[in-house]
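Structure data follow from entry-v6.tsv (TSV, C-alpha atoms):
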chain	number	residue	atom	x	y	z
A	222	ASP	CA	93.14	98.08	82.03
A	223	HIS	CA	94.44	101.58	81.24
A	224	LEU	CA	97.98	100.74	82.41
A	225	ILE	CA	98.22	97.77	80.05
A	226	ARG	CA	97.04	99.96	77.16
A	227	LEU	CA	99.62	102.60	78.11
A	228	LEU	CA	102.41	100.00	78.19
A	229	ARG	CA	101.37	98.66	74.80
A	230	ALA	CA	101.50	102.18	73.39
A	231	ILE	CA	104.96	102.68	74.89
A	232	ALA	CA	106.13	99.42	73.27
A	233	GLU	CA	104.68	100.32	69.88
A	234	THR	CA	106.14	103.84	69.83
A	235	LYS	CA	109.42	102.86	71.54
A	236	HIS	CA	108.97	105.84	73.86
A	237	ARG	CA	112.29	105.75	75.72
A	238	ASN	CA	111.35	108.54	78.12
A	239	SER	CA	108.76	106.16	79.59
A	240	LYS	CA	111.44	103.87	81.01
A	241	ALA	CA	110.47	104.58	84.62
A	242	ILE	CA	106.84	103.69	83.92
A	243	VAL	CA	107.88	100.35	82.41
A	244	ILE	CA	110.20	99.51	85.30
A	245	ALA	CA	107.57	100.42	87.90
A	246	ALA	CA	104.88	98.41	86.11
A	247	ALA	CA	107.12	95.33	85.98
A	248	SER	CA	106.96	95.12	89.77
A	249	ARG	CA	103.17	95.28	89.92
A	250	PRO	CA	101.25	92.21	91.20
A	251	GLU	CA	98.92	91.90	88.18
A	252	PRO	CA	100.21	89.25	85.70
A	253	GLY	CA	98.72	91.09	82.71
A	254	VAL	CA	100.49	94.33	83.65
A	255	VAL	CA	103.79	92.51	84.21
A	256	LYS	CA	103.51	90.79	80.81
A	257	ALA	CA	102.81	94.11	79.08
A	258	ALA	CA	105.72	95.73	80.96
A	259	GLN	CA	108.06	92.93	79.92
A	260	SER	CA	107.02	93.40	76.30
A	261	ALA	CA	107.61	97.16	76.55
A	262	ALA	CA	110.99	96.54	78.23
A	263	LYS	CA	111.99	94.28	75.36
A	264	SER	CA	110.96	96.93	72.84
A	265	LEU	CA	112.96	99.60	74.69
A	266	ARG	CA	115.85	97.21	75.46
A	267	ILE	CA	115.52	97.71	79.20
A	268	ASP	CA	117.25	95.17	81.44
A	269	LEU	CA	114.55	94.68	84.07
A	270	ASP	CA	116.79	92.46	86.19
A	271	ALA	CA	119.45	95.18	86.43
A	272	ALA	CA	116.83	97.88	86.97
A	273	SER	CA	115.27	95.98	89.85
A	274	LYS	CA	118.49	95.43	91.81
A	275	PRO	CA	118.16	96.92	95.30
A	276	LYS	CA	119.70	100.37	95.82
A	277	GLY	CA	118.77	100.64	99.47
A	278	ALA	CA	115.37	100.83	101.10
A	279	LEU	CA	113.04	101.52	98.20
A	280	ILE	CA	109.51	102.87	98.48
A	281	GLY	CA	108.17	99.83	96.64
A	282	SER	CA	109.29	97.64	99.54
A	283	ILE	CA	107.76	99.82	102.28
A	284	GLU	CA	104.12	100.14	103.31
A	285	PRO	CA	102.68	103.47	102.08
A	286	ILE	CA	101.69	104.53	105.59
A	287	ALA	CA	105.31	104.04	106.69
A	288	VAL	CA	106.58	106.02	103.69
A	289	LEU	CA	104.31	108.92	104.63
A	290	GLY	CA	105.58	108.87	108.18
A	291	GLN	CA	109.25	108.72	107.19
A	292	VAL	CA	109.18	111.28	104.38
A	293	SER	CA	107.54	113.90	106.61
A	294	LYS	CA	110.64	113.89	108.82
A	295	ILE	CA	113.14	114.50	106.00
A	296	LYS	CA	114.20	117.85	104.52
A	297	GLY	CA	114.47	117.10	100.82
A	298	ASP	CA	117.20	118.28	98.46
A	299	LYS	CA	115.34	120.48	95.94
A	300	GLU	CA	118.08	120.31	93.29
A	301	LEU	CA	118.06	116.52	93.42
A	302	GLY	CA	114.27	116.65	93.24
A	303	GLU	CA	114.39	118.68	90.03
A	304	ALA	CA	116.66	116.07	88.45
A	305	LEU	CA	114.38	113.28	89.63
A	306	PHE	CA	111.37	115.08	88.15
A	307	SER	CA	112.88	114.44	84.73
A	308	GLN	CA	114.38	111.03	85.49
A	309	GLN	CA	111.06	109.69	86.77
A	310	THR	CA	109.44	110.92	83.53
A	311	CYS	CA	107.16	113.33	85.46
A	312	ALA	CA	108.00	115.96	82.81
A	313	ILE	CA	106.43	113.82	80.08
A	314	CYS	CA	102.96	114.29	81.55
A	315	HIS	CA	103.28	117.46	83.64
A	316	THR	CA	104.52	121.02	83.24
A	317	MET	CA	105.98	123.23	85.99
A	318	LYS	CA	106.04	126.56	84.13
A	319	SER	CA	102.95	128.52	83.12
A	320	ASP	CA	104.37	129.33	79.68
A	321	GLU	CA	104.81	125.67	78.74
A	322	ALA	CA	102.21	123.83	76.67
A	323	LEU	CA	99.87	121.87	78.94
A	324	LYS	CA	100.01	118.07	79.04
A	325	GLY	CA	98.54	116.47	82.14
A	326	PRO	CA	97.73	118.52	85.26
A	327	TYR	CA	99.88	121.64	85.68
A	328	LEU	CA	102.09	121.26	88.76
A	329	GLY	CA	103.61	124.72	89.08
A	330	ASN	CA	101.03	125.62	91.72
A	331	ILE	CA	100.59	122.15	93.20
A	332	ALA	CA	101.74	123.35	96.63
A	333	GLY	CA	98.64	125.53	96.79
A	334	ILE	CA	96.45	122.45	96.30
A	335	TYR	CA	98.36	119.75	98.18
A	336	GLN	CA	100.95	120.19	100.88
A	337	GLY	CA	103.22	117.86	102.82
A	338	ARG	CA	101.55	114.54	103.55
A	339	ASP	CA	98.66	115.20	101.14
A	340	LEU	CA	101.05	115.77	98.23
A	341	ALA	CA	103.03	112.64	99.05
A	342	GLU	CA	99.83	110.62	99.28
A	343	ALA	CA	98.54	111.99	95.95
A	344	ILE	CA	101.71	110.66	94.27
A	345	LEU	CA	101.67	107.30	96.05
A	346	ASN	CA	97.95	106.83	95.35
A	347	PRO	CA	97.06	108.85	92.22
A	348	ASN	CA	93.59	107.32	92.00
A	349	LYS	CA	92.52	108.79	95.35
A	350	SER	CA	91.98	112.31	94.00
A	351	ILE	CA	91.94	113.23	90.31
A	352	ALA	CA	92.36	116.89	89.38
A	353	GLN	CA	89.26	118.54	87.98
A	354	GLY	CA	89.26	118.47	84.18
A	355	PHE	CA	91.76	115.63	84.02
A	356	HIS	CA	89.57	112.57	84.22
A	357	THR	CA	90.72	110.01	81.68
A	358	ASN	CA	88.47	109.46	78.69
A	359	LEU	CA	88.88	106.35	76.56
A	360	PHE	CA	87.67	106.69	73.00
A	361	THR	CA	87.16	103.61	70.83
A	362	LEU	CA	87.18	104.86	67.26
A	363	LYS	CA	85.31	103.26	64.40
A	364	ASP	CA	88.60	102.61	62.59
A	365	GLY	CA	89.65	100.33	65.48
A	366	ASN	CA	92.07	102.72	67.15
A	367	LEU	CA	91.98	103.56	70.87
A	368	LEU	CA	92.68	107.01	72.29
A	369	MET	CA	93.21	107.83	75.96
A	370	ALA	CA	93.04	111.56	76.59
A	371	PHE	CA	91.63	114.52	78.50
A	372	VAL	CA	88.75	116.44	76.93
A	373	THR	CA	89.81	120.09	76.65
A	374	LYS	CA	86.94	121.43	74.56
A	375	GLU	CA	83.69	119.90	73.46
A	376	GLY	CA	81.15	121.10	70.93
A	377	ALA	CA	78.30	119.55	68.98
A	378	ASP	CA	80.45	119.00	65.89
A	379	GLU	CA	83.93	118.46	67.32
A	380	ILE	CA	85.72	117.28	70.46
A	381	GLU	CA	89.22	118.54	71.27
A	382	VAL	CA	91.32	116.16	73.35
A	383	ARG	CA	94.89	116.17	74.68
A	384	ASP	CA	96.90	113.10	75.62
A	385	ILE	CA	99.48	112.97	78.42
A	386	THR	CA	102.30	113.95	76.06
A	387	GLY	CA	100.50	117.18	75.15
A	388	LYS	CA	99.40	116.04	71.68
A	389	VAL	CA	96.08	117.63	70.70
A	390	SER	CA	93.60	115.74	68.52
A	391	LEU	CA	90.23	116.73	67.08
A	392	LEU	CA	87.50	114.12	66.93
A	393	LYS	CA	84.22	114.21	65.06
A	394	PRO	CA	81.26	112.50	66.78
A	395	GLU	CA	80.86	110.22	63.77
A	396	GLN	CA	84.41	108.89	64.29
A	397	ILE	CA	83.62	107.61	67.77
A	398	ALA	CA	82.22	104.13	68.32
A	399	LYS	CA	82.37	104.24	72.12
A	400	ARG	CA	83.38	106.72	74.80
A	401	GLU	CA	84.09	105.89	78.44
A	402	GLU	CA	85.31	107.90	81.43
A	403	SER	CA	87.76	105.93	83.51
A	404	PRO	CA	87.52	106.15	87.31
A	405	ALA	CA	91.28	105.68	87.40
A	406	SER	CA	93.95	108.32	86.93
A	407	MET	CA	96.04	108.18	83.77
A	408	MET	CA	99.00	108.33	86.15
A	409	PRO	CA	99.68	104.72	87.16
A	410	PRO	CA	100.53	103.86	90.78
A	411	GLY	CA	104.07	102.84	91.59
A	412	LEU	CA	106.00	105.47	89.63
A	413	VAL	CA	108.13	106.30	92.68
A	414	ASN	CA	108.59	102.69	93.80
A	415	ASN	CA	112.21	102.70	92.65
A	416	LEU	CA	113.10	105.75	94.77
A	417	THR	CA	114.40	105.77	98.30
A	418	VAL	CA	112.44	107.74	100.89
A	419	GLU	CA	115.20	110.39	100.81
A	420	GLU	CA	114.83	110.72	97.03
A	421	PHE	CA	111.06	110.95	97.37
A	422	ALA	CA	111.52	113.74	99.91
A	423	ALA	CA	113.74	115.54	97.38
A	424	LEU	CA	111.07	115.24	94.67
A	425	LEU	CA	108.45	116.61	97.07
A	426	ALA	CA	110.73	119.52	98.00
A	427	TYR	CA	111.01	120.51	94.34
A	428	LEU	CA	107.27	120.21	93.70
A	429	GLU	CA	106.50	122.32	96.77
A	430	ASN	CA	108.99	125.05	95.82
A	431	PRO	CA	110.05	124.84	92.15
A	432	GLY	CA	111.15	128.48	91.90

When written as structure tokens, how does the structure in this file appear?
Amino acid sequence: DHLIRLLRAIAETKHRNSKAIVIAAASRPEPGVVKAAQSAAKSLRIDLDAASKPKGALIGSIEPIAVLGQVSKIKGDKELGEALFSQQTCAICHTMKSDEALKGPYLGNIAGIYQGRDLAEAILNPNKSIAQGFHTNLFTLKDGNLLMAFVTKEGADEIEVRDITGKVSLLKPEQIAKREESPASMMPPGLVNNLTVEEFAALLAYLENPG
């Protein structure tokens, strides 16, 4: 499972900016994901009990269809949304400015692709529609290492890939033991589960009008 592999990488690298991912994963129903999240939380010294204390009506406790209905009726606070963009670790995987180095899909023009309900649904269910060129590739290397990344350039002698942090790697075909394209987005579901609907509306307001 790509989420378990991501959590293991977070634990190994002690990537503190991935706190929101760990907290969201700890509330998932899959035992393997929860176990990996708990291990990552221990590595990052995250108190999952404190992090999971209710702060009001959270998205994780509401049916997605109800979230979509509620958030469409709220005018979000764009300034709060900008702060949440960083707090929710969106900025680790996405850029909002055209002069920033690309990581995952560029979101500065996301309002021209998704609007309103469609944008909210794309965040709640990231596997429903994956941006062109950002399908997740899993490379099993002959040295035993695993690499999850987007392919940015491919030639006969070399493959250029970029992971969700923006790190670029060059792979030779002879280094690769196995290559798979995942049907799932590298963005795990549940990343906004710890937000209220009002906070989610604020995040959407920023994404729709970042300028």

For A:Thr417, work out the shell of residues within 6 Å, counting only C-alpha atoms and skipping chain neighbours fewer than 4 positions away, then give it as a CSV table (one decimal) with C-alpha atoms, keeping the file's coordinate frame.
chain,number,residue,atom,x,y,z
A,278,ALA,CA,115.4,100.8,101.1
A,279,LEU,CA,113.0,101.5,98.2
A,280,ILE,CA,109.5,102.9,98.5

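Interatomic distance, atom CA of A:Met407 to atom CA of A:Asn430: 24.4 Å.
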
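Atom CA of A:Ser406 is positioned 8.4 Å from atom CA of A:Ser350.
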
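Here atom CA of A:Ala370 stands at a distance of 25.1 Å from atom CA of A:Leu305.
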
For stretch 243-254 of chain A, list every protein, DNA or RNA residue within 10 Å, evaluated using all atoms listed in the file, and leave out those in the same chain fewer than 6 positions away; present the list as a ChimeraX atom specification. /A:222-229,231-232,237,260-262,265,267-270,272-273,281,309,409-415

Write out as a tab-separated table a residue-level contact list of stretch 253-347 of chain A versus stretch 381-386 of chain A with cut-off 12 Å: for each qualifying residue the closest pair of atoms and the distance in Å to one decimal, counting only C-alpha atoms, rows sorted by chain and residue number upward.
residue	atom	partner	partner_atom	distance
A:Thr310	CA	A:Thr386	CA	10.8
A:Cys311	CA	A:Ile385	CA	10.4
A:Ala312	CA	A:Thr386	CA	9.1
A:Ile313	CA	A:Thr386	CA	5.8
A:Cys314	CA	A:Ile385	CA	4.9
A:His315	CA	A:Ile385	CA	7.9
A:Thr316	CA	A:Thr386	CA	10.3
A:Ala322	CA	A:Thr386	CA	9.9
A:Leu323	CA	A:Arg383	CA	8.7
A:Lys324	CA	A:Ile385	CA	5.2
A:Gly325	CA	A:Ile385	CA	5.2
A:Pro326	CA	A:Ile385	CA	9.0
A:Tyr327	CA	A:Ile385	CA	11.3

Which residues are near stretch 288-293 of chain A? Cut-off 10 Å, all atoms listed in the file, ignore same chain within fewer than 4 positions. Put them as a PyMOL selection string. chain A and resi 279-284+297+337-342+345+417-423+425

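Take the candidates A:Gly302, A:Ala398, A:Ser403, A:Asn330 and check each one against A:Leu416 using only C-alpha atoms; the shortest distance goes to A:Gly302.
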
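Among the candidates A:Gly333, A:Ser264, A:Gly387, A:Arg400, the residue lying nearest to A:Asn358 is A:Arg400 (atoms considered: all atoms listed in the file).
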